[in-house]
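K.L.:
What follows is run_20.tsv; its format and atoms are TSV, C-alpha atoms.
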chain	number	residue	atom	x	y	z
A	5	MET	CA	-13.54	-9.12	-36.70
A	6	PRO	CA	-12.04	-9.23	-33.17
A	7	THR	CA	-10.34	-12.48	-32.22
A	8	GLY	CA	-11.57	-14.60	-29.32
A	9	ALA	CA	-8.66	-13.36	-27.22
A	10	ALA	CA	-9.53	-9.74	-27.97
A	11	VAL	CA	-13.15	-10.31	-26.95
A	12	ALA	CA	-12.02	-12.02	-23.74
A	13	ALA	CA	-9.74	-9.08	-22.93
A	14	ARG	CA	-12.60	-6.63	-23.38
A	15	ARG	CA	-14.73	-8.64	-20.99
A	16	ILE	CA	-11.95	-8.42	-18.40
A	17	ASP	CA	-11.81	-4.66	-19.01
A	18	GLU	CA	-15.39	-4.41	-17.76
A	19	ASP	CA	-14.52	-5.72	-14.27
A	20	VAL	CA	-10.88	-6.46	-13.60
A	21	PRO	CA	-11.30	-7.24	-9.85
A	22	ALA	CA	-14.00	-9.83	-10.64
A	23	ALA	CA	-11.79	-11.46	-13.26
A	24	VAL	CA	-8.86	-11.65	-10.83
A	25	ARG	CA	-11.11	-13.08	-8.15
A	26	ARG	CA	-12.24	-15.87	-10.47
A	27	VAL	CA	-8.62	-16.82	-11.12
A	28	LEU	CA	-7.82	-16.66	-7.41
A	29	GLU	CA	-10.76	-18.90	-6.58
A	30	GLU	CA	-9.54	-21.50	-9.07
A	31	LEU	CA	-5.94	-21.37	-7.89
A	32	LEU	CA	-6.77	-21.33	-4.18
A	33	HIS	CA	-9.23	-24.21	-4.51
A	34	GLU	CA	-6.40	-26.39	-5.74
A	35	ARG	CA	-4.04	-25.18	-2.97
A	36	LEU	CA	-6.65	-25.84	-0.30
A	37	ARG	CA	-7.23	-29.33	-1.63
A	38	GLU	CA	-3.50	-30.04	-1.43
A	39	CYS	CA	-3.22	-28.66	2.11
A	40	ALA	CA	-6.25	-30.61	3.34
A	41	ALA	CA	-4.72	-33.81	1.97
A	42	LEU	CA	-1.44	-32.97	3.69
A	43	ASP	CA	-3.01	-32.34	7.10
A	44	ALA	CA	-6.58	-31.48	8.03
A	45	THR	CA	-5.66	-29.23	10.97
A	46	PHE	CA	-3.17	-27.23	8.94
A	47	GLY	CA	-5.63	-27.02	6.07
A	48	VAL	CA	-8.40	-25.53	8.23
A	49	ASP	CA	-6.37	-23.40	10.63
A	50	VAL	CA	-3.87	-21.85	8.25
A	51	ALA	CA	-4.55	-22.53	4.57
A	52	GLU	CA	-8.26	-21.71	4.70
A	53	ARG	CA	-7.58	-18.49	6.61
A	54	VAL	CA	-4.99	-17.40	4.06
A	55	ALA	CA	-7.43	-18.11	1.22
A	56	ASP	CA	-10.27	-16.28	2.99
A	57	PHE	CA	-8.07	-13.25	3.70
A	58	THR	CA	-6.96	-13.09	0.08
A	59	LEU	CA	-10.40	-13.51	-1.44
A	60	ASN	CA	-12.42	-11.32	0.92
A	61	GLY	CA	-11.09	-7.81	1.23
A	62	GLY	CA	-9.07	-5.22	-0.62
A	63	LYS	CA	-9.74	-3.41	-3.88
A	64	ARG	CA	-7.35	-5.38	-6.11
A	65	LEU	CA	-5.51	-2.15	-6.88
A	66	ARG	CA	-2.21	-3.85	-7.66
A	67	ALA	CA	-3.94	-6.28	-9.96
A	68	GLN	CA	-5.71	-3.42	-11.72
A	69	PHE	CA	-2.48	-1.50	-12.23
A	70	LEU	CA	-0.90	-4.58	-13.81
A	71	TRP	CA	-3.88	-5.12	-16.13
A	72	TRP	CA	-4.24	-1.50	-17.24
A	73	GLY	CA	-0.49	-1.14	-17.64
A	74	LEU	CA	-0.68	-4.08	-20.03
A	75	ARG	CA	-3.69	-2.66	-21.89
A	76	ALA	CA	-2.29	0.88	-22.10
A	77	CYS	CA	0.74	-0.53	-23.91
A	78	GLY	CA	-1.43	-2.41	-26.39
A	79	GLY	CA	-1.25	-5.85	-24.78
A	80	GLY	CA	-3.86	-8.33	-23.63
A	81	SER	CA	-5.34	-9.36	-26.98
A	82	GLY	CA	-2.83	-12.06	-27.84
A	83	ALA	CA	-3.68	-15.71	-27.32
A	84	GLY	CA	-3.16	-16.59	-23.64
A	85	THR	CA	-1.70	-13.21	-22.68
A	86	ALA	CA	-4.75	-12.14	-20.72
A	87	ASP	CA	-4.76	-15.36	-18.72
A	88	THR	CA	-1.07	-14.97	-17.95
A	89	ALA	CA	-1.67	-11.40	-16.80
A	90	LEU	CA	-4.53	-12.48	-14.53
A	91	ARG	CA	-2.37	-15.16	-12.97
A	92	LEU	CA	0.41	-12.65	-12.29
A	93	ALA	CA	-2.24	-10.34	-10.81
A	94	ALA	CA	-3.38	-13.19	-8.56
A	95	GLY	CA	0.23	-13.56	-7.45
A	96	LEU	CA	0.26	-9.87	-6.51
A	97	GLU	CA	-2.82	-10.37	-4.35
A	98	LEU	CA	-1.13	-13.24	-2.52
A	99	ILE	CA	2.04	-11.28	-1.90
A	100	GLN	CA	-0.17	-8.50	-0.53
A	101	THR	CA	-1.68	-11.01	1.88
A	102	CYS	CA	1.81	-11.94	3.04
A	103	ALA	CA	2.75	-8.29	3.53
A	104	LEU	CA	-0.37	-7.38	5.51
A	105	VAL	CA	-0.31	-10.45	7.74
A	106	HIS	CA	3.34	-9.94	8.62
A	107	ASP	CA	2.85	-6.19	9.03
A	108	ASP	CA	0.07	-6.76	11.58
A	109	VAL	CA	2.28	-9.15	13.54
A	110	MET	CA	5.21	-6.71	13.62
A	111	ASP	CA	2.97	-3.78	14.57
A	112	ASP	CA	0.87	-5.89	16.96
A	113	SER	CA	-2.23	-4.52	15.20
A	114	PRO	CA	-5.44	-6.15	16.49
A	115	VAL	CA	-7.71	-5.29	13.54
A	116	ARG	CA	-7.47	-5.56	9.76
A	117	ARG	CA	-10.29	-4.79	7.31
A	118	GLY	CA	-12.75	-4.45	10.16
A	119	ARG	CA	-12.05	-7.96	11.47
A	120	PRO	CA	-9.56	-9.44	13.94
A	121	ALA	CA	-6.09	-9.51	12.42
A	122	LEU	CA	-4.93	-12.98	11.42
A	123	HIS	CA	-2.60	-13.43	14.41
A	124	ILE	CA	-5.52	-12.59	16.71
A	125	ALA	CA	-7.84	-15.03	14.94
A	126	LEU	CA	-5.24	-17.80	14.99
A	127	GLY	CA	-4.48	-17.23	18.66
A	128	ALA	CA	-8.09	-17.01	19.85
A	129	PRO	CA	-8.64	-20.79	20.30
A	130	HIS	CA	-5.33	-21.05	22.17
A	131	GLY	CA	-5.49	-18.43	24.88
A	132	GLY	CA	-5.93	-15.23	22.88
A	133	ASP	CA	-3.24	-12.78	21.77
A	134	GLY	CA	0.03	-14.50	22.50
A	135	PRO	CA	3.16	-16.12	21.03
A	136	PHE	CA	1.22	-18.91	19.34
A	137	GLY	CA	-1.00	-16.59	17.31
A	138	ARG	CA	1.90	-14.42	16.18
A	139	ALA	CA	4.09	-17.40	15.26
A	140	ALA	CA	1.24	-19.07	13.38
A	141	ALA	CA	0.55	-15.83	11.49
A	142	VAL	CA	4.19	-15.67	10.39
A	143	LEU	CA	3.73	-19.13	8.91
A	144	ALA	CA	0.48	-18.04	7.27
A	145	GLY	CA	2.25	-15.11	5.64
A	146	ASP	CA	5.02	-17.44	4.50
A	147	LEU	CA	2.43	-19.74	2.96
A	148	ALA	CA	0.88	-16.83	1.05
A	149	LEU	CA	4.31	-15.82	-0.25
A	150	SER	CA	5.13	-19.36	-1.38
A	151	TRP	CA	1.76	-19.60	-3.14
A	152	ALA	CA	2.46	-16.26	-4.84
A	153	ASP	CA	5.79	-17.52	-6.17
A	154	ASP	CA	4.17	-20.76	-7.32
A	155	VAL	CA	1.46	-18.85	-9.18
A	156	VAL	CA	4.04	-16.72	-10.99
A	157	ALA	CA	6.19	-19.76	-11.83
A	158	GLU	CA	3.14	-21.48	-13.31
A	159	ALA	CA	1.77	-18.43	-15.12
A	160	TRP	CA	3.61	-19.38	-18.29
A	161	ASP	CA	1.67	-22.62	-18.59
A	162	ALA	CA	-1.27	-20.65	-19.97
A	163	ALA	CA	0.52	-19.33	-23.04
A	164	GLU	CA	3.65	-19.34	-25.11
A	165	VAL	CA	5.50	-16.31	-23.77
A	166	ALA	CA	8.78	-15.16	-25.27
A	167	ALA	CA	11.89	-15.91	-23.24
A	168	ASP	CA	12.88	-12.24	-22.96
A	169	VAL	CA	9.44	-11.36	-21.56
A	170	ARG	CA	9.67	-14.15	-19.01
A	171	ALA	CA	13.12	-12.98	-17.95
A	172	ARG	CA	11.93	-9.39	-17.55
A	173	VAL	CA	8.90	-10.41	-15.48
A	174	ARG	CA	11.00	-12.64	-13.24
A	175	SER	CA	13.50	-9.83	-12.72
A	176	LEU	CA	10.74	-7.39	-11.74
A	177	TRP	CA	9.12	-9.92	-9.42
A	178	ARG	CA	12.43	-10.66	-7.70
A	179	ALA	CA	13.16	-6.96	-7.24
A	180	MET	CA	9.67	-6.27	-5.90
A	181	ARG	CA	9.89	-8.93	-3.19
A	182	THR	CA	13.26	-7.64	-2.00
A	183	GLU	CA	12.11	-4.01	-2.04
A	184	MET	CA	9.06	-4.87	0.02
A	185	VAL	CA	11.16	-6.57	2.70
A	186	ALA	CA	13.68	-3.72	2.70
A	187	GLY	CA	10.90	-1.18	3.17
A	188	GLN	CA	9.39	-3.13	6.04
A	189	TYR	CA	12.81	-3.36	7.68
A	190	LEU	CA	13.39	0.38	7.34
A	191	ASP	CA	9.98	0.92	8.93
A	192	LEU	CA	11.02	-1.19	11.94
A	193	HIS	CA	14.48	0.40	12.02
A	194	GLY	CA	12.96	3.88	12.06
A	195	GLN	CA	10.80	2.96	15.03
A	196	VAL	CA	13.60	1.52	17.14
A	197	THR	CA	16.06	4.33	16.31
A	198	GLY	CA	13.52	7.12	16.66
A	199	SER	CA	14.29	8.47	13.19
A	200	ARG	CA	12.64	11.83	12.50
A	201	ALA	CA	14.17	12.61	9.09
A	202	ALA	CA	11.70	13.36	6.30
A	203	SER	CA	14.09	11.86	3.73
A	204	THR	CA	14.12	8.56	5.64
A	205	ALA	CA	10.33	8.57	5.81
A	206	ILE	CA	10.06	9.01	2.05
A	207	ARG	CA	12.68	6.35	1.37
A	208	THR	CA	10.75	3.93	3.56
A	209	ALA	CA	7.46	4.83	1.88
A	210	THR	CA	8.97	4.32	-1.57
A	211	LEU	CA	10.30	0.85	-0.78
A	212	LYS	CA	7.48	-0.35	1.45
A	213	SER	CA	4.53	0.92	-0.54
A	214	ALA	CA	5.13	2.95	-3.71
A	215	LEU	CA	7.14	0.36	-5.59
A	216	TYR	CA	5.16	-2.79	-4.92
A	217	SER	CA	1.77	-1.10	-4.77
A	218	VAL	CA	1.89	0.86	-8.02
A	219	GLU	CA	5.20	1.06	-9.90
A	220	ARG	CA	6.08	-2.63	-10.08
A	221	PRO	CA	2.57	-3.78	-11.07
A	222	LEU	CA	2.59	-1.21	-13.89
A	223	ALA	CA	6.05	-2.40	-14.94
A	224	LEU	CA	4.86	-6.02	-14.97
A	225	GLY	CA	1.98	-5.09	-17.26
A	226	ALA	CA	4.29	-3.14	-19.56
A	227	ALA	CA	6.73	-6.06	-19.67
A	228	LEU	CA	3.98	-8.49	-20.70
A	229	ALA	CA	3.01	-6.07	-23.47
A	230	ARG	CA	6.66	-5.84	-24.60
A	231	ALA	CA	6.56	-2.07	-24.20
A	232	ASP	CA	9.68	-0.16	-25.22
A	233	GLU	CA	12.02	1.27	-22.61
A	234	ARG	CA	10.70	4.83	-22.89
A	235	THR	CA	7.07	3.80	-22.43
A	236	SER	CA	7.87	1.46	-19.56
A	237	GLY	CA	9.94	4.20	-17.92
A	238	ALA	CA	7.11	6.71	-18.16
A	239	LEU	CA	4.66	4.25	-16.58
A	240	CYS	CA	7.13	3.52	-13.79
A	241	SER	CA	7.66	7.22	-13.10
A	242	ALA	CA	3.91	7.78	-12.98
A	243	GLY	CA	3.56	4.81	-10.67
A	244	ARG	CA	6.25	5.99	-8.29
A	245	CYS	CA	4.68	9.44	-7.97
A	246	ALA	CA	1.23	7.97	-7.33
A	247	GLY	CA	2.65	5.31	-5.02
A	248	ILE	CA	4.35	7.87	-2.79
A	249	ALA	CA	1.15	9.93	-2.80
A	250	PHE	CA	-0.70	6.77	-1.78
A	251	GLN	CA	1.56	6.32	1.24
A	252	LEU	CA	1.30	9.98	2.22
A	253	ARG	CA	-2.49	9.63	2.08
A	254	ASP	CA	-2.28	6.50	4.19
A	255	ASP	CA	-0.21	8.42	6.76
A	256	LEU	CA	-2.88	11.11	6.96
A	257	LEU	CA	-5.66	8.56	7.32
A	258	GLY	CA	-3.64	6.74	9.95
A	259	ILE	CA	-4.09	9.63	12.36
A	260	PHE	CA	-7.00	11.71	11.01
A	261	GLY	CA	-9.13	8.96	9.46
A	262	ASP	CA	-12.27	7.37	10.86
A	263	PRO	CA	-11.57	3.85	12.21
A	264	ARG	CA	-15.10	2.81	11.20
A	265	THR	CA	-14.31	3.34	7.54
A	266	MET	CA	-10.63	2.36	7.62
A	267	GLY	CA	-11.22	-0.98	9.33
A	268	LYS	CA	-8.34	-0.40	11.76
A	269	PRO	CA	-7.61	1.86	14.75
A	270	SER	CA	-6.52	5.49	14.35
A	271	GLY	CA	-3.26	6.72	15.81
A	272	ASP	CA	-1.31	3.46	15.80
A	273	ASP	CA	1.43	4.96	13.62
A	274	VAL	CA	2.07	7.59	16.31
A	275	ARG	CA	2.04	5.07	19.15
A	276	ASP	CA	4.38	2.79	17.20
A	277	GLY	CA	6.73	5.68	16.42
A	278	LYS	CA	6.63	5.09	12.67
A	279	PRO	CA	8.86	7.53	10.75
A	280	THR	CA	6.17	9.11	8.56
A	281	TYR	CA	6.70	12.14	6.36
A	282	LEU	CA	3.75	13.85	8.08
A	283	THR	CA	5.23	13.74	11.58
A	284	ALA	CA	8.76	14.42	10.35
A	285	LEU	CA	7.53	17.53	8.56
A	286	ALA	CA	5.64	18.74	11.64
A	287	ARG	CA	8.69	18.16	13.85
A	288	ALA	CA	10.97	20.05	11.47
A	289	ARG	CA	8.60	23.00	11.14
A	290	ALA	CA	8.11	23.24	14.89
A	291	GLU	CA	11.86	23.25	15.43
A	292	VAL	CA	12.61	25.84	12.75
A	293	SER	CA	9.86	28.16	13.99
A	294	GLY	CA	11.08	27.89	17.57
A	295	ASP	CA	7.97	26.14	18.86
A	296	ARG	CA	9.72	24.05	21.46
A	297	ALA	CA	6.48	22.97	23.13
A	298	ALA	CA	5.15	21.47	19.89
A	299	ALA	CA	8.45	19.72	19.17
A	300	ALA	CA	8.58	18.33	22.70
A	301	LEU	CA	5.00	17.11	22.47
A	302	LEU	CA	5.76	15.23	19.27
A	303	ASP	CA	8.94	13.75	20.74
A	304	SER	CA	7.09	12.50	23.80
A	305	ALA	CA	4.13	11.11	21.83
A	306	LEU	CA	5.90	9.33	18.98
A	307	GLY	CA	6.67	5.79	20.02
A	308	ASN	CA	4.58	6.01	23.20
A	309	PRO	CA	2.39	2.87	23.21
A	310	GLY	CA	0.39	4.22	26.16
A	311	LEU	CA	-0.68	7.42	24.39
A	312	ASP	CA	-4.34	7.96	25.19
A	313	GLU	CA	-6.99	9.65	23.05
A	314	GLU	CA	-6.43	13.03	24.70
A	315	GLY	CA	-2.73	12.83	23.92
A	316	LEU	CA	-3.52	11.83	20.35
A	317	GLU	CA	-5.79	14.86	20.03
A	318	ARG	CA	-2.88	17.10	21.01
A	319	VAL	CA	-0.69	15.47	18.36
A	320	ARG	CA	-3.37	16.05	15.73
A	321	HIS	CA	-3.61	19.67	16.78
A	322	VAL	CA	0.16	20.13	16.34
A	323	LEU	CA	0.07	18.49	12.92
A	324	VAL	CA	-2.56	21.03	11.88
A	325	GLU	CA	-1.08	24.08	13.62
A	326	THR	CA	2.41	23.58	12.19
A	327	GLY	CA	0.91	23.44	8.70
A	328	ALA	CA	2.25	19.91	8.17
A	329	ARG	CA	-1.13	18.46	7.32
A	330	ASP	CA	-1.87	21.07	4.65
A	331	LEU	CA	1.62	20.71	3.19
A	332	VAL	CA	1.20	16.96	2.87
A	333	GLU	CA	-2.17	17.47	1.17
A	334	THR	CA	-0.51	19.85	-1.29
A	335	LYS	CA	2.34	17.40	-1.87
A	336	ILE	CA	-0.15	14.64	-2.64
A	337	GLN	CA	-1.89	16.76	-5.27
A	338	ARG	CA	1.43	17.69	-6.87
A	339	LEU	CA	2.52	14.07	-7.00
A	340	VAL	CA	-0.72	13.01	-8.67
A	341	ALA	CA	-0.33	15.85	-11.18
A	342	SER	CA	3.23	14.65	-11.90
A	343	ALA	CA	1.95	11.11	-12.40
A	344	HIS	CA	-0.53	12.37	-14.99
A	345	ARG	CA	2.20	14.33	-16.79
A	346	HIS	CA	4.31	11.20	-17.08
A	347	LEU	CA	1.39	9.39	-18.69
A	348	THR	CA	1.03	12.10	-21.33
A	349	SER	CA	4.72	11.90	-22.23
A	350	VAL	CA	4.32	8.65	-24.19
A	351	PRO	CA	1.69	7.29	-26.60
A	352	LEU	CA	-0.76	4.99	-24.81
A	353	LEU	CA	-4.08	3.53	-25.87
A	354	PRO	CA	-6.64	6.23	-24.95
A	355	GLN	CA	-9.24	4.12	-23.15
A	356	ALA	CA	-6.66	2.30	-21.06
A	357	GLU	CA	-4.83	5.54	-20.33
A	358	GLY	CA	-8.09	6.98	-19.04
A	359	ARG	CA	-8.53	4.06	-16.66
A	360	LEU	CA	-4.96	4.46	-15.47
A	361	ARG	CA	-5.57	8.13	-14.74
A	362	GLU	CA	-8.60	7.20	-12.67
A	363	LEU	CA	-6.62	4.64	-10.71
A	364	LEU	CA	-3.63	6.90	-10.13
A	365	GLY	CA	-5.92	9.58	-8.78
A	366	ALA	CA	-8.04	7.21	-6.72
A	367	VAL	CA	-5.13	5.82	-4.70
A	368	ALA	CA	-4.20	9.24	-3.39
A	369	THR	CA	-6.89	11.89	-3.67
A	370	VAL	CA	-9.53	10.83	-1.17
A	371	ARG	CA	-9.24	13.78	1.16
A	372	VAL	CA	-9.58	13.40	4.92
A	373	PRO	CA	-12.74	15.29	5.98
A	374	PRO	CA	-12.53	17.59	9.00
A	375	THR	CA	-13.80	15.87	12.15
A	376	ASP	CA	-13.78	16.55	15.86
A	377	HIS	CA	-10.15	15.49	15.92
A	378	ALA	CA	-9.11	16.95	12.57
A	379	LEU	CA	-9.60	20.68	12.92
A	380	HIS	CA	-8.08	23.27	10.65
A	381	ALA	CA	-5.70	25.79	12.14
A	382	GLY	CA	-7.40	28.77	13.70
A	383	ARG	CA	-10.70	27.01	14.36
A	384	GLY	CA	-9.89	25.85	17.83
A	385	GLY	CA	-10.23	22.31	19.08
A	386	PRO	CA	-11.45	20.06	21.84
A	387	LYS	CA	-10.65	20.76	25.43
A	388	ASN	CA	-6.90	20.68	26.06
A	389	ALA	CA	-6.24	19.76	22.43
A	390	GLY	CA	-3.72	22.53	22.05
A	391	ARG	CA	-2.26	22.44	25.53
A	392	GLY	CA	1.44	23.15	25.41
A	393	THR	CA	1.43	24.35	21.81
A	394	ARG	CA	1.12	27.57	19.92
A	395	THR	CA	0.55	28.37	16.28
A	396	SER	CA	3.73	27.88	14.28
A	397	GLN	CA	3.18	28.08	10.57
A	398	GLY	CA	6.90	28.22	9.97
A	399	PRO	CA	8.83	30.74	7.92
A	400	ALA	CA	8.77	30.64	4.18
A	401	GLY	CA	11.73	30.56	1.87
A	402	ALA	CA	15.26	29.62	2.86
A	403	ALA	CA	14.54	29.23	6.58
A	404	PHE	CA	12.66	25.97	5.93
A	405	ARG	CA	12.68	23.80	2.87
A	406	GLU	CA	10.69	20.62	2.37
A	407	GLU	CA	12.51	17.47	1.31
A	408	THR	CA	12.43	16.81	-2.41
A	409	ILE	CA	10.66	13.49	-2.82
A	410	VAL	CA	10.42	13.07	-6.59
Could you express the structure from this file as C-alpha cells?
P.N.:
Amino acid sequence: MPTGAAVAARRIDEDVPAAVRRVLEELLHERLRECAALDATFGVDVAERVADFTLNGGKRLRAQFLWWGLRACGGGSGAGTADTALRLAAGLELIQTCALVHDDVMDDSPVRRGRPALHIALGAPHGGDGPFGRAAAVLAGDLALSWADDVVAEAWDAAEVAADVRARVRSLWRAMRTEMVAGQYLDLHGQVTGSRAASTAIRTATLKSALYSVERPLALGAALARADERTSGALCSAGRCAGIAFQLRDDLLGIFGDPRTMGKPSGDDVRDGKPTYLTALARARAEVSGDRAAAALLDSALGNPGLDEEGLERVRHVLVETGARDLVETKIQRLVASAHRHLTSVPLLPQAEGRLRELLGAVATVRVPPTDHALHAGRGGPKNAGRGTRTSQGPAGAAFREETIV
C-alpha cells in the first residue's frame, strides 16, 4: 500500500507547474502581507509586481527539472521530501524573476512575455522610460532574489532533511547564483568589447543559461534524492548539453523568431552586440571563405542600436548564406542526442526518465519555421536582403573547424 507521501508525490507528477504555483501563491501571499505592513506604496508598486511577474508567465522549466531529477533518482516519496522540493522549485522561479528583470534593465528591453518589461511598468507613472523605472526595477529584482534565498533557507522547515543533503543543496544554490551573475557579466563584457569568439559565446551561454536553467536544477533534485556521484554526474552532463542547446535555440529565435509568439522584439541581440555563437560562427565562416562583404556587414550591424528592419534582413540573409544557421540547428540536435545518451548511462526510474527526456528535448528542439525574413540559402530573399553579400558556404575540413562546445 503506497504511503501518503507516495500518493502526494504521484499527484504532483500529474502537473508539476500547478503544484509549484500553489506553493508560490502561499509563499508570496505571506511576503506581500509583510511588505504591505511595512509600507503600502512599496507593497503595491514593487512587491505586488514581483509577485505578479513570478506567478503569471513562464513554463516552470527549472522547477520541472528539479522535480523530475528528484523522481528519476527515486526520491520524492519520503515524508516531507516533496514539499521541500516544491519549495526549492519556488525559489528557482523567484531567482528567475530576478534574472529576467535585471536582464531587461541591462538590455533596455521594453517588452517581456508580451507585456511591458518591469522597468517600463514601474516608470510609467513617473514620466515613462527613465532612470526611476530602471532603478526601481533593480530593487524589484533584488527583492525577488532575497525572497528566493529566504524560501531556500526555510525549505527545511517542512521536513527532517539530513545534514549532508542540506549542505549539498546549499553548495549548489550558492554556486548557481554566482554562475548566473558571472554569465550576465560576460554577456555585458562581450558587448562592450565587441567579442566575436565562438568559444566566448559558448562560455557565456553555459554560465548565463545552461547551468542555472537545466544543470543546477537537475543537480538539486539529485541531491535531495541522495543520488550517488555517478548518477548525479550523468544528470548534470545531460543538463549541460540540453542547457547549451537551449541557449543556442534562444539565439536563433532572437533573430529569426516571430515577436508575436516570443513576447519580445526580434533582432535585439544583434542591435545590442551580444556575443552569440550564431553570429560568431557566421563571422568566422565569412572570413575563412573570403567573403569580406558578409564579414563587414556583420561587423557594422552587431552592436548598432539604430539597425533598422532592412539592415536586420541583411544580417539574417548572411546568417543563412554562410551556413551558420544550419550548423547551429545541427549542433542543437547533436547536443540533445548527447543529453539523451547521458541519461541512458545510469539506472533511473523509467517513468521519470521518460519525462526528463521530454523536457530535455522540449527546451531545444522547437525549430524556427521559415518566414519572410528566415529564408534558406538559394531561395532568394526580400528586396536588398542580400545586398553586399554573396554565397559563402565555407570550406570543409581543416580550413574551418567549429568550436568544440561539449
K.L.:
Give me the residues within 12 Å of Gly194 in chain A as JSON, numbers by chain, counting only C-alpha atoms and dropping any in the same chain fewer than 5 places off.
P.N.:
{"A": [187, 188, 189, 199, 200, 201, 202, 203, 204, 205, 206, 207, 208, 209, 273, 276, 277, 278, 279, 280, 281, 284, 306, 307]}
K.L.:
So, with only C-alpha atoms as the atoms that count, which of A:Ala231, A:Ala286, A:Val274, A:Leu42 lies closest to Gly310 in chain A?
P.N.:
A:Val274
K.L.:
Smallest atom-to-atom distance to Val27 in chain A: which of A:Ala86, A:Val54, A:Leu70, A:Leu65, using all atoms listed in the file?
P.N.:
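Of A:Ala86, A:Val54, A:Leu70, A:Leu65, the one nearest Val27 in chain A, counting all atoms listed in the file, is A:Ala86.
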K.L.:
Could you tell me how far CA of Leu149 in chain A lies from CA of Gly237 in chain A, in Å and to one decimal?
P.N.:
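Atom-to-atom, CA of Leu149 in chain A and CA of Gly237 in chain A are spaced 27.3 Å apart.
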K.L.:
Which is closest to Ala152 in chain A among A:Trp177, A:Phe136, A:Trp71, A:Phe57, if we use all atoms listed in the file?
P.N.:
A:Trp177
K.L.:
Work out how far apart CA of Leu126 in chain A and CA of Ser213 in chain A are and give it in Å to one decimal.
P.N.:
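Going from CA of Leu126 in chain A over to CA of Ser213 in chain A, I get 26.2 Å.
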K.L.:
Quick one: of A:Ala356, A:Ala249, A:Leu222, A:Val24, who's nearest to Val332 in chain A, counting only C-alpha atoms?
P.N.:
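Between A:Ala356, A:Ala249, A:Leu222, A:Val24, the residue approaching Val332 in chain A most closely is A:Ala249.
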